[in-house]
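Printed here is my_file09.pdb (PDB, C-alpha atoms and all ligand atoms):
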ATOM      1  CA  MET A 159      67.968  81.727 121.529
ATOM      2  CA  THR A 160      65.622  81.915 124.532
ATOM      3  CA  VAL A 161      66.479  84.896 126.688
ATOM      4  CA  LEU A 162      65.457  84.837 130.324
ATOM      5  CA  PRO A 163      63.000  87.593 131.293
ATOM      6  CA  SER A 164      65.616  89.153 133.517
ATOM      7  CA  ALA A 165      68.793  88.366 135.390
ATOM      8  CA  ALA A 166      67.828  90.998 137.962
ATOM      9  CA  TYR A 167      67.242  88.422 140.711
ATOM     10  CA  LEU A 168      70.908  87.433 140.373
ATOM     11  CA  TYR A 169      71.909  90.937 141.358
ATOM     12  CA  GLU A 170      70.649  90.195 144.848
ATOM     13  CA  ARG A 171      73.538  87.702 145.233
ATOM     14  CA  VAL A 172      76.238  90.238 144.468
ATOM     15  CA  ARG A 173      74.774  93.564 145.562
ATOM     16  CA  ARG A 174      77.241  93.833 148.459
ATOM     17  CA  VAL A 175      80.231  93.817 146.108
ATOM     18  CA  ILE A 176      78.942  95.224 142.788
ATOM     19  CA  PRO A 177      77.542  98.788 142.829
ATOM     20  CA  PRO A 178      74.113  99.131 141.121
ATOM     21  CA  ILE A 179      75.599 101.427 138.495
ATOM     22  CA  GLU A 180      77.933  98.635 137.298
ATOM     23  CA  TRP A 181      75.306  95.886 137.037
ATOM     24  CA  PRO A 182      73.813  96.906 133.631
ATOM     25  CA  ALA A 183      77.264  96.359 132.116
ATOM     26  CA  PHE A 184      76.921  92.642 132.935
ATOM     27  CA  SER A 185      73.235  91.776 132.956
ATOM     28  CA  ASN A 186      72.667  91.263 129.190
ATOM     29  CA  ASP A 187      75.682  88.994 128.885
ATOM     30  CA  ILE A 188      74.621  87.068 131.976
ATOM     31  CA  GLU A 189      71.139  86.424 130.576
ATOM     32  CA  ALA A 190      72.599  85.294 127.265
ATOM     33  CA  ILE A 191      75.140  83.006 128.983
ATOM     34  CA  LEU A 192      72.415  81.295 131.038
ATOM     35  CA  ALA A 193      70.393  80.613 127.887
ATOM     36  CA  LEU A 194      73.421  79.419 125.871
ATOM     37  CA  LYS A 195      74.429  77.024 128.646
ATOM     38  CA  ARG A 196      71.045  75.318 128.472
ATOM     39  CA  GLU A 197      71.028  75.216 124.680
ATOM     40  CA  ARG A 198      74.472  73.661 124.449
ATOM     41  CA  ASN A 199      74.439  71.462 127.561
ATOM     42  CA  ALA A 200      77.455  73.453 128.717
ATOM     43  CA  VAL A 201      78.970  73.828 132.131
ATOM     44  CA  ILE A 202      81.033  76.775 133.395
ATOM     45  CA  LEU A 203      83.865  76.018 135.781
ATOM     46  CA  ALA A 204      85.106  79.154 137.545
ATOM     47  CA  HIS A 205      88.178  79.587 139.709
ATOM     48  CA  ASN A 206      87.909  81.409 143.040
ATOM     49  CA  TYR A 207      89.741  84.406 141.490
ATOM     50  CA  GLN A 208      87.001  85.127 138.946
ATOM     51  CA  THR A 209      85.019  88.313 139.427
ATOM     52  CA  PRO A 210      81.778  88.041 141.465
ATOM     53  CA  GLU A 211      79.390  88.424 138.513
ATOM     54  CA  ILE A 212      81.039  85.340 136.964
ATOM     55  CA  PHE A 213      81.582  83.428 140.215
ATOM     56  CA  HIS A 214      78.118  83.983 141.689
ATOM     57  CA  CYS A 215      75.925  84.521 138.614
ATOM     58  CA  VAL A 216      76.992  82.216 135.756
ATOM     59  CA  ALA A 217      79.341  79.542 137.149
ATOM     60  CA  ASP A 218      78.050  76.001 137.729
ATOM     61  CA  ILE A 219      81.124  74.818 139.575
ATOM     62  CA  VAL A 220      83.490  77.040 141.555
ATOM     63  CA  GLY A 221      86.578  76.217 143.534
ATOM     64  CA  ASP A 222      90.345  75.970 143.769
ATOM     65  CA  SER A 223      92.495  74.312 141.106
ATOM     66  CA  LEU A 224      92.087  70.892 142.721
ATOM     67  CA  ALA A 225      88.286  71.095 142.912
ATOM     68  CA  LEU A 226      88.063  72.306 139.310
ATOM     69  CA  ALA A 227      90.207  69.371 138.130
ATOM     70  CA  ARG A 228      88.146  66.876 140.150
ATOM     71  CA  ARG A 229      84.810  68.261 139.004
ATOM     72  CA  ALA A 230      85.994  68.516 135.374
ATOM     73  CA  ALA A 231      86.676  64.782 135.513
ATOM     74  CA  GLU A 232      83.076  64.113 136.618
ATOM     75  CA  THR A 233      81.017  66.357 134.339
ATOM     76  CA  GLU A 234      78.511  64.997 131.846
ATOM     77  CA  ALA A 235      78.172  68.272 129.957
ATOM     78  CA  ASP A 236      79.025  68.366 126.233
ATOM     79  CA  VAL A 237      80.880  71.665 126.491
ATOM     80  CA  ILE A 238      83.117  72.933 129.300
ATOM     81  CA  VAL A 239      83.919  76.631 129.560
ATOM     82  CA  LEU A 240      86.826  77.291 131.852
ATOM     83  CA  ALA A 241      86.562  80.702 133.503
ATOM     84  CA  GLY A 242      90.136  80.791 134.714
ATOM     85  CA  VAL A 243      93.568  80.592 133.132
ATOM     86  CA  HIS A 244      94.954  78.464 130.320
ATOM     87  CA  PHE A 245      96.587  75.722 132.386
ATOM     88  CA  MET A 246      93.211  75.090 134.074
ATOM     89  CA  ALA A 247      91.519  74.695 130.692
ATOM     90  CA  GLU A 248      94.282  72.328 129.578
ATOM     91  CA  THR A 249      93.784  70.231 132.713
ATOM     92  CA  ALA A 250      90.041  70.062 131.993
ATOM     93  CA  LYS A 251      90.801  68.972 128.418
ATOM     94  CA  LEU A 252      93.281  66.316 129.575
ATOM     95  CA  LEU A 253      90.533  64.828 131.724
ATOM     96  CA  ASN A 254      87.891  65.180 128.965
ATOM     97  CA  PRO A 255      89.655  64.390 125.699
ATOM     98  CA  ASP A 256      86.371  63.864 123.818
ATOM     99  CA  LYS A 257      84.602  67.013 125.028
ATOM    100  CA  LYS A 258      84.767  70.548 123.745
ATOM    101  CA  VAL A 259      86.744  72.621 126.245
ATOM    102  CA  LEU A 260      86.683  76.380 125.702
ATOM    103  CA  ILE A 261      88.689  79.196 127.260
ATOM    104  CA  PRO A 262      87.252  82.672 126.613
ATOM    105  CA  ASP A 263      90.702  84.273 126.191
ATOM    106  CA  MET A 264      93.717  82.270 125.001
ATOM    107  CA  GLU A 265      96.037  84.915 126.480
ATOM    108  CA  ALA A 266      94.920  84.146 130.046
ATOM    109  CA  GLY A 267      98.290  82.768 131.122
ATOM    110  CA  CYS A 268     100.207  82.459 134.378
ATOM    111  CA  SER A 269     103.674  83.621 135.453
ATOM    112  CA  LEU A 270     104.351  80.213 137.028
ATOM    113  CA  ALA A 271     103.441  78.330 133.850
ATOM    114  CA  GLU A 272     105.699  80.724 131.902
ATOM    115  CA  SER A 273     108.652  80.091 134.221
ATOM    116  CA  ILE A 274     109.469  76.571 133.010
ATOM    117  CA  THR A 275     109.594  74.538 129.800
ATOM    118  CA  ALA A 276     109.523  70.814 129.065
ATOM    119  CA  ALA A 277     113.270  71.037 128.207
ATOM    120  CA  ASP A 278     113.942  72.498 131.681
ATOM    121  CA  VAL A 279     112.186  69.514 133.285
ATOM    122  CA  ARG A 280     114.251  67.074 131.206
ATOM    123  CA  LEU A 281     117.417  68.839 132.372
ATOM    124  CA  MET A 282     116.317  68.539 136.016
ATOM    125  CA  ARG A 283     115.752  64.823 135.508
ATOM    126  CA  GLN A 284     119.254  64.441 134.076
ATOM    127  CA  ARG A 285     120.735  66.425 136.929
ATOM    128  CA  TYR A 286     118.946  64.443 139.661
ATOM    129  CA  PRO A 287     118.603  60.909 138.276
ATOM    130  CA  GLY A 288     115.963  58.804 140.018
ATOM    131  CA  VAL A 289     114.466  61.725 141.983
ATOM    132  CA  PRO A 290     110.706  61.941 141.282
ATOM    133  CA  ILE A 291     109.354  65.142 139.773
ATOM    134  CA  VAL A 292     106.235  66.693 141.311
ATOM    135  CA  THR A 293     104.805  69.428 139.098
ATOM    136  CA  TYR A 294     102.363  72.094 140.206
ATOM    137  CA  VAL A 295      99.231  72.155 138.019
ATOM    138  CA  ASN A 296     100.130  75.771 137.160
ATOM    139  CA  THR A 297     102.191  74.522 134.197
ATOM    140  CA  SER A 298     101.673  73.696 130.524
ATOM    141  CA  ALA A 299     100.577  70.212 129.437
ATOM    142  CA  ALA A 300     104.059  69.786 127.893
ATOM    143  CA  VAL A 301     105.672  70.313 131.316
ATOM    144  CA  LYS A 302     103.175  67.974 132.994
ATOM    145  CA  ALA A 303     104.023  65.341 130.379
ATOM    146  CA  GLU A 304     107.650  65.291 131.590
ATOM    147  CA  SER A 305     106.591  64.900 135.242
ATOM    148  CA  ASP A 306     105.827  61.931 137.468
ATOM    149  CA  ILE A 307     102.853  63.453 139.247
ATOM    150  CA  CYS A 308     101.053  66.789 139.588
ATOM    151  CA  CYS A 309     100.001  68.647 142.715
ATOM    152  CA  THR A 310      97.999  71.737 143.623
ATOM    153  CA  SER A 311      98.359  74.075 146.588
ATOM    154  CA  GLY A 312      95.574  72.030 148.229
ATOM    155  CA  ASN A 313      97.394  68.679 148.187
ATOM    156  CA  ALA A 314     101.107  69.440 147.675
ATOM    157  CA  LYS A 315     102.264  67.999 151.020
ATOM    158  CA  ALA A 316     100.122  64.860 150.608
ATOM    159  CA  VAL A 317     101.434  64.325 147.056
ATOM    160  CA  VAL A 318     105.076  64.743 148.118
ATOM    161  CA  GLU A 319     104.640  62.321 151.036
ATOM    162  CA  SER A 320     102.686  59.805 148.933
ATOM    163  CA  LEU A 321     105.852  59.067 146.947
ATOM    164  CA  ARG A 322     107.579  57.615 150.061
ATOM    165  CA  VAL A 323     111.054  58.802 149.035
ATOM    166  CA  PRO A 324     113.521  60.988 150.968
ATOM    167  CA  ARG A 325     113.894  63.587 148.197
ATOM    168  CA  VAL A 326     111.650  65.033 145.458
ATOM    169  CA  ILE A 327     111.931  67.752 142.845
ATOM    170  CA  MET A 328     109.005  70.183 143.050
ATOM    171  CA  LEU A 329     108.430  72.540 140.105
ATOM    172  CA  PRO A 330     108.095  75.395 139.338
ATOM    173  CA  ASP A 331     106.965  77.491 142.369
ATOM    174  CA  GLU A 332     109.918  78.144 144.645
ATOM    175  CA  TYR A 333     107.763  79.509 147.456
ATOM    176  CA  LEU A 334     105.197  76.711 147.411
ATOM    177  CA  ALA A 335     108.113  74.228 147.459
ATOM    178  CA  LYS A 336     109.697  75.999 150.439
ATOM    179  CA  ASN A 337     106.387  76.271 152.281
ATOM    180  CA  VAL A 338     105.794  72.531 151.806
ATOM    181  CA  ALA A 339     109.414  71.778 152.823
ATOM    182  CA  ALA A 340     108.731  73.558 156.132
ATOM    183  CA  GLU A 341     105.972  71.017 156.876
ATOM    184  CA  THR A 342     107.538  67.729 155.812
ATOM    185  CA  ALA A 343     110.650  65.646 156.425
ATOM    186  CA  VAL A 344     111.007  65.058 152.668
ATOM    187  CA  GLU A 345     113.862  67.057 151.126
ATOM    188  CA  ILE A 346     112.578  69.282 148.330
ATOM    189  CA  ILE A 347     114.565  70.534 145.373
ATOM    190  CA  ALA A 348     112.868  73.692 144.047
ATOM    191  CA  TRP A 349     112.813  75.767 140.857
ATOM    192  CA  LYS A 350     112.841  79.576 140.644
ATOM    193  CA  GLY A 351     109.301  80.255 139.426
ATOM    194  CA  HIS A 352     107.076  82.729 141.271
ATOM    195  CA  CYS A 353     103.475  83.824 141.088
ATOM    196  CA  GLU A 354     103.502  87.504 140.120
ATOM    197  CA  VAL A 355     100.470  88.122 142.360
ATOM    198  CA  HIS A 356     101.629  86.446 145.571
ATOM    199  CA  GLU A 357     105.338  87.304 145.414
ATOM    200  CA  ARG A 358     104.434  90.965 146.021
ATOM    201  CA  PHE A 359     103.188  90.424 149.593
ATOM    202  CA  THR A 360     105.735  91.099 152.354
ATOM    203  CA  PRO A 361     105.933  90.454 156.117
ATOM    204  CA  ALA A 362     105.925  94.267 156.560
ATOM    205  CA  ASP A 363     102.492  94.345 154.865
ATOM    206  CA  ILE A 364     101.174  91.943 157.510
ATOM    207  CA  ARG A 365     102.665  93.900 160.423
ATOM    208  CA  GLU A 366     101.157  97.124 159.072
ATOM    209  CA  LEU A 367      97.772  95.426 158.653
ATOM    210  CA  ARG A 368      97.812  94.122 162.193
ATOM    211  CA  GLU A 369      98.663  97.586 163.521
ATOM    212  CA  GLY A 370      95.882  99.271 161.556
ATOM    213  CA  ASN A 371      93.283  96.543 162.130
ATOM    214  CA  PRO A 372      93.566  95.156 165.660
ATOM    215  CA  GLY A 373      92.524  91.506 165.936
ATOM    216  CA  VAL A 374      92.579  90.891 162.181
ATOM    217  CA  VAL A 375      93.117  87.235 161.219
ATOM    218  CA  VAL A 376      95.630  86.877 158.385
ATOM    219  CA  LEU A 377      95.254  84.054 155.841
ATOM    220  CA  ALA A 378      98.012  83.643 153.229
ATOM    221  CA  HIS A 379      98.148  81.524 150.087
ATOM    222  CA  PRO A 380     101.187  79.174 149.970
ATOM    223  CA  GLU A 381     102.386  80.841 146.746
ATOM    224  CA  CYS A 382     103.385  83.753 149.066
ATOM    225  CA  PRO A 383     107.032  83.932 150.190
ATOM    226  CA  PRO A 384     107.769  81.740 153.267
ATOM    227  CA  GLU A 385     108.408  84.845 155.445
ATOM    228  CA  VAL A 386     104.833  85.966 154.680
ATOM    229  CA  VAL A 387     103.373  82.541 155.439
ATOM    230  CA  ALA A 388     105.356  82.503 158.707
ATOM    231  CA  GLU A 389     103.722  85.784 159.813
ATOM    232  CA  ALA A 390     100.198  84.663 158.854
ATOM    233  CA  ASP A 391      97.706  82.904 161.133
ATOM    234  CA  PHE A 392      96.850  80.285 158.524
ATOM    235  CA  SER A 393      98.022  79.245 155.070
ATOM    236  CA  GLY A 394      96.150  77.155 152.529
ATOM    237  CA  SER A 395      94.783  76.922 149.016
ATOM    238  CA  THR A 396      92.036  79.311 147.962
ATOM    239  CA  ALA A 397      89.447  76.680 148.956
ATOM    240  CA  ALA A 398      91.135  76.148 152.323
ATOM    241  CA  MET A 399      91.054  79.921 152.971
ATOM    242  CA  SER A 400      87.376  80.104 152.052
ATOM    243  CA  ASP A 401      86.615  77.090 154.285
ATOM    244  CA  TYR A 402      88.554  78.704 157.148
ATOM    245  CA  VAL A 403      86.361  81.819 156.989
ATOM    246  CA  GLY A 404      83.180  79.689 156.921
ATOM    247  CA  ARG A 405      84.334  77.515 159.803
ATOM    248  CA  GLU A 406      85.999  80.038 162.138
ATOM    249  CA  LYS A 407      83.907  83.103 161.252
ATOM    250  CA  PRO A 408      86.632  85.576 162.284
ATOM    251  CA  ALA A 409      85.225  89.041 163.085
ATOM    252  CA  ARG A 410      87.826  90.592 160.774
ATOM    253  CA  VAL A 411      89.991  88.835 158.189
ATOM    254  CA  VAL A 412      92.468  89.584 155.438
ATOM    255  CA  LEU A 413      93.171  87.198 152.563
ATOM    256  CA  MET A 414      96.723  87.632 151.239
ATOM    257  CA  THR A 415      95.852  86.609 147.708
ATOM    258  CA  GLU A 416      94.110  87.746 144.515
ATOM    259  CA  CYS A 417      91.531  90.548 144.901
ATOM    260  CA  SER A 418      88.347  88.836 143.698
ATOM    261  CA  MET A 419      88.705  86.110 146.300
ATOM    262  CA  SER A 420      87.690  88.503 149.101
ATOM    263  CA  ASP A 421      84.652  89.713 147.136
ATOM    264  CA  ASN A 422      83.502  86.160 146.468
ATOM    265  CA  VAL A 423      83.936  84.963 150.042
ATOM    266  CA  ALA A 424      82.475  88.200 151.470
ATOM    267  CA  VAL A 425      79.234  87.572 149.572
ATOM    268  CA  MET A 426      78.888  84.250 151.414
ATOM    269  CA  HIS A 427      79.741  85.677 154.857
ATOM    270  CA  PRO A 428      78.188  89.124 155.340
ATOM    271  CA  GLU A 429      78.951  89.018 159.067
ATOM    272  CA  VAL A 430      82.729  88.946 158.477
ATOM    273  CA  ASP A 431      84.643  92.204 157.959
ATOM    274  CA  PHE A 432      87.151  91.809 155.093
ATOM    275  CA  VAL A 433      90.222  94.044 155.099
ATOM    276  CA  ARG A 434      91.229  94.390 151.445
ATOM    277  CA  PRO A 435      94.871  94.802 150.539
ATOM    278  CA  CYS A 436      95.074  92.466 147.582
ATOM    279  CA  ASN A 437      96.889  92.050 144.292
ATOM    280  CA  LEU A 438      95.140  91.594 140.946
ATOM    281  CA  CYS A 439      95.997  88.713 138.615
ATOM    282  CA  PRO A 440      95.937  90.286 135.137
ATOM    283  CA  HIS A 441      95.534  86.834 133.569
ATOM    284  CA  MET A 442      92.467  85.861 135.584
ATOM    285  CA  LYS A 443      90.979  89.281 134.847
ATOM    286  CA  ARG A 444      91.054  88.620 131.090
ATOM    287  CA  ILE A 445      87.906  86.528 131.529
ATOM    288  CA  THR A 446      84.700  88.578 131.400
ATOM    289  CA  PRO A 447      80.969  87.907 130.969
ATOM    290  CA  ALA A 448      81.294  89.293 127.419
ATOM    291  CA  ASN A 449      83.991  86.831 126.351
ATOM    292  CA  ILE A 450      82.293  83.897 128.141
ATOM    293  CA  ARG A 451      79.179  84.697 126.083
ATOM    294  CA  ALA A 452      81.280  84.833 122.894
ATOM    295  CA  ALA A 453      82.976  81.552 123.835
ATOM    296  CA  LEU A 454      79.619  79.792 124.104
ATOM    297  CA  ALA A 455      78.095  81.460 121.044
ATOM    298  CA  GLU A 456      81.079  80.971 118.725
ATOM    299  CA  ASN A 457      83.125  78.076 120.201
ATOM    300  CA  ARG A 458      85.930  80.476 121.100
ATOM    301  CA  HIS A 459      88.626  79.283 121.894
ATOM    302  CA  GLU A 460      88.865  75.540 121.738
ATOM    303  CA  VAL A 461      91.666  73.980 123.756
ATOM    304  CA  ARG A 462      93.621  71.313 121.854
ATOM    305  CA  ILE A 463      96.564  69.312 123.136
ATOM    306  CA  ASP A 464      99.049  67.365 121.035
ATOM    307  CA  PRO A 465      98.171  63.674 121.513
ATOM    308  CA  GLY A 466     101.846  62.819 122.150
ATOM    309  CA  ILE A 467     101.819  65.221 125.105
ATOM    310  CA  ALA A 468      98.264  64.543 126.286
ATOM    311  CA  GLY A 469      98.846  60.875 127.248
ATOM    312  CA  PRO A 470     101.746  61.371 129.677
ATOM    313  CA  ALA A 471     100.333  64.701 130.962
ATOM    314  CA  ARG A 472      96.989  63.004 131.719
ATOM    315  CA  ARG A 473      98.789  60.264 133.642
ATOM    316  CA  ALA A 474     100.511  62.851 135.876
ATOM    317  CA  VAL A 475      97.152  64.564 136.612
ATOM    318  CA  GLU A 476      95.289  61.279 137.166
ATOM    319  CA  ARG A 477      97.984  60.034 139.496
ATOM    320  CA  MET A 478      97.398  63.162 141.590
ATOM    321  CA  LEU A 479      93.616  62.725 141.560
ATOM    322  CA  ALA A 480      93.988  59.144 142.770
ATOM    323  CA  ILE A 481      95.580  60.334 146.038
TER     324      ILE A 481
HETATM  325  P1  LIG A 501      94.437  77.370 144.207
HETATM  326  O1  LIG A 501      93.071  77.871 143.904
HETATM  327  O2  LIG A 501      94.578  75.940 143.798
HETATM  328  O3  LIG A 501      94.815  77.618 145.631
HETATM  329  O4  LIG A 501      95.468  78.140 143.263
HETATM  330  C1  LIG A 501      95.702  79.478 143.317
HETATM  331  C2  LIG A 501      96.167  80.037 142.050
HETATM  332  O5  LIG A 501      96.927  80.934 142.012
HETATM  333  C3  LIG A 501      95.625  79.518 140.821
HETATM  334  O6  LIG A 501      96.106  80.238 139.803
HETATM  335 FE1  LIG A 502      99.273  82.330 137.919
HETATM  336 FE2  LIG A 502      99.471  83.721 140.163
HETATM  337 FE3  LIG A 502      97.642  84.440 138.370
HETATM  338 FE4  LIG A 502      97.336  82.155 139.753
HETATM  339  S1  LIG A 502      97.323  84.226 140.580
HETATM  340  S2  LIG A 502      97.071  82.441 137.555
HETATM  341  S3  LIG A 502      99.461  81.500 140.010
HETATM  342  S4  LIG A 502      99.883  84.489 138.069
END
Can you present the structure in this file as C-alpha cells?
Amino acid sequence: MTVLPSAAYLYERVRRVIPPIEWPAFSNDIEAILALKRERNAVILAHNYQTPEIFHCVADIVGDSLALARRAAETEADVIVLAGVHFMAETAKLLNPDKKVLIPDMEAGCSLAESITAADVRLMRQRYPGVPIVTYVNTSAAVKAESDICCTSGNAKAVVESLRVPRVIMLPDEYLAKNVAAETAVEIIAWKGHCEVHERFTPADIRELREGNPGVVVLAHPECPPEVVAEADFSGSTAAMSDYVGREKPARVVLMTECSMSDNVAVMHPEVDFVRPCNLCPHMKRITPANIRAALAENRHEVRIDPGIAGPARRAVERMLAI
C-alpha cells in the first residue's frame, strides 16, 4: 500500500474544531484511508453528522440523506463506503445492486428505523385502504418495500404534494409528519416514531438561548417537535441549514440538531459565531477513521439486501428521486 508522505496539510482544514493534541489519533488512519481509496477505486459518502476529520478529510461526497442517495446513484466507483447509519448504506446498495457497499459498523442504527416494521406498514395499509404510504428514508429496506414512495427531510412536502391526493400516510417520524402537515393542505396520518436526538430539544431551550445570546438565529431540523420548529427562525434538512448559513451569513447562529453539524459548517464559515447546545447521535458516532480504514482494508461490513425486498424498496426510492 502506498502511504502518503503526510496528512498534515489536511489538519489545516479542521484546525478550528480539532485541537492539535487530538490530531495524531486520526492522522495515520486518514493517510491509510486516502491510499486505500485510490487502490480500490472507492468512494466515501459521509453524512453531515459525521465528525470533522471524516467529513473534511476523507469524504468524497458529503451531504444530507437526499444528496447522499442522489450521489450514490451516480457514482462510478467500484466500492462505496457509507460513513453514516445503516439505512443510508442500504439506500446506497438499493441504488447500486452490483457494487460493493460497505458500512464500517453494522450497529450504526437509527431510532426512527427501529420504530417500525414491515408488518406495521402492512397493518396501516389495511387500516387505510387506498391511502398512499410515504416512508421516510430513515427506515429499513423491508419497510421501504411495503411503501409507495420514500421521502427525506429535504423533499417531504414536495413528495406528499406530488401524489395529488387529499390524504397520505407518512411514516415513521411523527414530528416530521406534523411539521409537513403544517405547511400543506394534504391531510397526513402519522406514526409514533421519533428521532432520539431531535426529540430532546424543547421550546424552553430556544427561549433560554435567545436570552443568553441576543440576536442569535435559530435553525431547527424538522425531526424536532413542532413546538420547537414553531419557535425557530428557519427549519430544514441538514443541507438546507448549511445552505442557510452560507447564504444569510448570520452573525450568530444555533443549529438545533446533531453536534457534529455545527463543527462541519463552522469550518466552512469562520466568520459566523456558532452557539453549541446540541445532542449527539450515538449511531452516527459509531463511525470512526479507524473503522473506515478497516472497512476498506478488509471489506467490512458488506451490505446485502434480500432480492425479494430490494426490488420494491428500490422502486420506492427511485420514485422519490424522480421528483
Ligand atoms: P437529513 O440530513 O436528510 O436532514 O437527515 C437528518 C438525519 O437525522 C439523518 O439521520
Ligand atoms: Fe436516526 Fe436521529 Fe441519529 Fe439521524 S440523528 S440517525 S434520525 S437517531
Using all atoms listed in the file, find each residue in chain A having at least one atom no more than 6 Å away from ligand LIG 502 (chain A); report its shortest atom-to-atom pair and that distance in Å (one decimal), rows by chain then rising number, as CSV.
residue,atom,partner,partner_atom,distance
A:Val243,CA,A:LIG502,S2,5.9
A:Cys268,CA,A:LIG502,FE1,3.7
A:Ser269,CA,A:LIG502,S4,4.7
A:Leu270,CA,A:LIG502,FE1,5.6
A:Cys353,CA,A:LIG502,FE2,4.1
A:Glu354,CA,A:LIG502,S4,5.1
A:Val355,CA,A:LIG502,FE2,5.0
A:Cys439,CA,A:LIG502,FE3,4.6
A:His441,CA,A:LIG502,FE3,5.8
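Taking all atoms listed in the file into account, ligand LIG 501 (chain A) lies nearest to A:Glu381 out of the set A:Asp187, A:Glu248, A:Glu381, A:Asp256.
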Distance atom CA of A:Trp181-atom CA of A:Val220, one decimal place?
-> 21.0 Å
Where is the centre and how long are the edges: axis-aligned box on ligand LIG 501 (chain A), 5 Å on each side, Å to one decimal, as JSON:
{"center_x": 95.0, "center_y": 78.4, "center_z": 142.7, "size_x": 13.9, "size_y": 15.0, "size_z": 15.8}
Shell around A:Asp218 at 8 Å using only C-alpha atoms, local window under 6 positions removed, as a PyMOL selection string | chain A and resi 201-204
Residue contacts of stretch 334-336 of chain A (8 Å, only C-alpha atoms) excluding same-chain residues fewer than 3 positions away, as a PDB file with C-alpha atoms, keeping the file's coordinate frame:
ATOM      1  CA  SER A 311      98.359  74.075 146.588  1.00  0.00           C
ATOM      2  CA  MET A 328     109.005  70.183 143.050  1.00  0.00           C
ATOM      3  CA  LEU A 329     108.430  72.540 140.105  1.00  0.00           C
ATOM      4  CA  ASP A 331     106.965  77.491 142.369  1.00  0.00           C
ATOM      5  CA  ALA A 339     109.414  71.778 152.823  1.00  0.00           C
ATOM      6  CA  ALA A 340     108.731  73.558 156.132  1.00  0.00           C
ATOM      7  CA  ILE A 346     112.578  69.282 148.330  1.00  0.00           C
ATOM      8  CA  ILE A 347     114.565  70.534 145.373  1.00  0.00           C
ATOM      9  CA  ALA A 348     112.868  73.692 144.047  1.00  0.00           C
ATOM     10  CA  PRO A 380     101.187  79.174 149.970  1.00  0.00           C
ATOM     11  CA  GLU A 381     102.386  80.841 146.746  1.00  0.00           C
ATOM     12  CA  CYS A 382     103.385  83.753 149.066  1.00  0.00           C
ATOM     13  CA  PRO A 383     107.032  83.932 150.190  1.00  0.00           C
ATOM     14  CA  PRO A 384     107.769  81.740 153.267  1.00  0.00           C
TER      15      PRO A 384
END
Do you know which residues lie at most 7 Å from (81.5, 83.4, 134.7), with coordinates as in the file and all atoms listed in the file counted, and could you write them as a ChimeraX atom specification?
-> /A:202,204,211-213,215-217,241,446-447,450
Within-9 Å residues of ligand LIG 501 (chain A), basis only C-alpha atoms and all ligand atoms, as an MDAnalysis selection string = chainID A and resid 205:207 221:226 242:243 245:246 268 270 295:296 310:313 353 355:356 379:381 394:399 415:416 439 442
Check what the PyMOL selection byres (((chain A and resi 282) around 12) and not hetatm) selects in the file above and give those residues as number ranges by chain.
-> A: 274-281, 283-293, 301, 304-305, 326-330, 347-349
Could you dump the residues just selected with C-alpha atoms as a PDB file, keeping the file's coordinate frame?
ATOM      1  CA  ILE A 274     109.469  76.571 133.010  1.00  0.00           C
ATOM      2  CA  THR A 275     109.594  74.538 129.800  1.00  0.00           C
ATOM      3  CA  ALA A 276     109.523  70.814 129.065  1.00  0.00           C
ATOM      4  CA  ALA A 277     113.270  71.037 128.207  1.00  0.00           C
ATOM      5  CA  ASP A 278     113.942  72.498 131.681  1.00  0.00           C
ATOM      6  CA  VAL A 279     112.186  69.514 133.285  1.00  0.00           C
ATOM      7  CA  ARG A 280     114.251  67.074 131.206  1.00  0.00           C
ATOM      8  CA  LEU A 281     117.417  68.839 132.372  1.00  0.00           C
ATOM      9  CA  ARG A 283     115.752  64.823 135.508  1.00  0.00           C
ATOM     10  CA  GLN A 284     119.254  64.441 134.076  1.00  0.00           C
ATOM     11  CA  ARG A 285     120.735  66.425 136.929  1.00  0.00           C
ATOM     12  CA  TYR A 286     118.946  64.443 139.661  1.00  0.00           C
ATOM     13  CA  PRO A 287     118.603  60.909 138.276  1.00  0.00           C
ATOM     14  CA  GLY A 288     115.963  58.804 140.018  1.00  0.00           C
ATOM     15  CA  VAL A 289     114.466  61.725 141.983  1.00  0.00           C
ATOM     16  CA  PRO A 290     110.706  61.941 141.282  1.00  0.00           C
ATOM     17  CA  ILE A 291     109.354  65.142 139.773  1.00  0.00           C
ATOM     18  CA  VAL A 292     106.235  66.693 141.311  1.00  0.00           C
ATOM     19  CA  THR A 293     104.805  69.428 139.098  1.00  0.00           C
ATOM     20  CA  VAL A 301     105.672  70.313 131.316  1.00  0.00           C
ATOM     21  CA  GLU A 304     107.650  65.291 131.590  1.00  0.00           C
ATOM     22  CA  SER A 305     106.591  64.900 135.242  1.00  0.00           C
ATOM     23  CA  VAL A 326     111.650  65.033 145.458  1.00  0.00           C
ATOM     24  CA  ILE A 327     111.931  67.752 142.845  1.00  0.00           C
ATOM     25  CA  MET A 328     109.005  70.183 143.050  1.00  0.00           C
ATOM     26  CA  LEU A 329     108.430  72.540 140.105  1.00  0.00           C
ATOM     27  CA  PRO A 330     108.095  75.395 139.338  1.00  0.00           C
ATOM     28  CA  ILE A 347     114.565  70.534 145.373  1.00  0.00           C
ATOM     29  CA  ALA A 348     112.868  73.692 144.047  1.00  0.00           C
ATOM     30  CA  TRP A 349     112.813  75.767 140.857  1.00  0.00           C
TER      31      TRP A 349
END
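Computed from the coordinates, the atom CA of A:Ala316 to atom CA of A:Val239 distance equals 29.1 Å.
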Would you mind listing what lies within 6 Å of A:His459 as a ChimeraX atom specification, with only C-alpha atoms counted and same-chain residues fewer than 2 positions away left out?
-> /A:260-262,457
Among listed residues A:Val175, A:Ile191, A:Val461, A:Val403, nearest A:Asn449 (using all atoms listed in the file) |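 Nearest to A:Asn449: A:Ile191.
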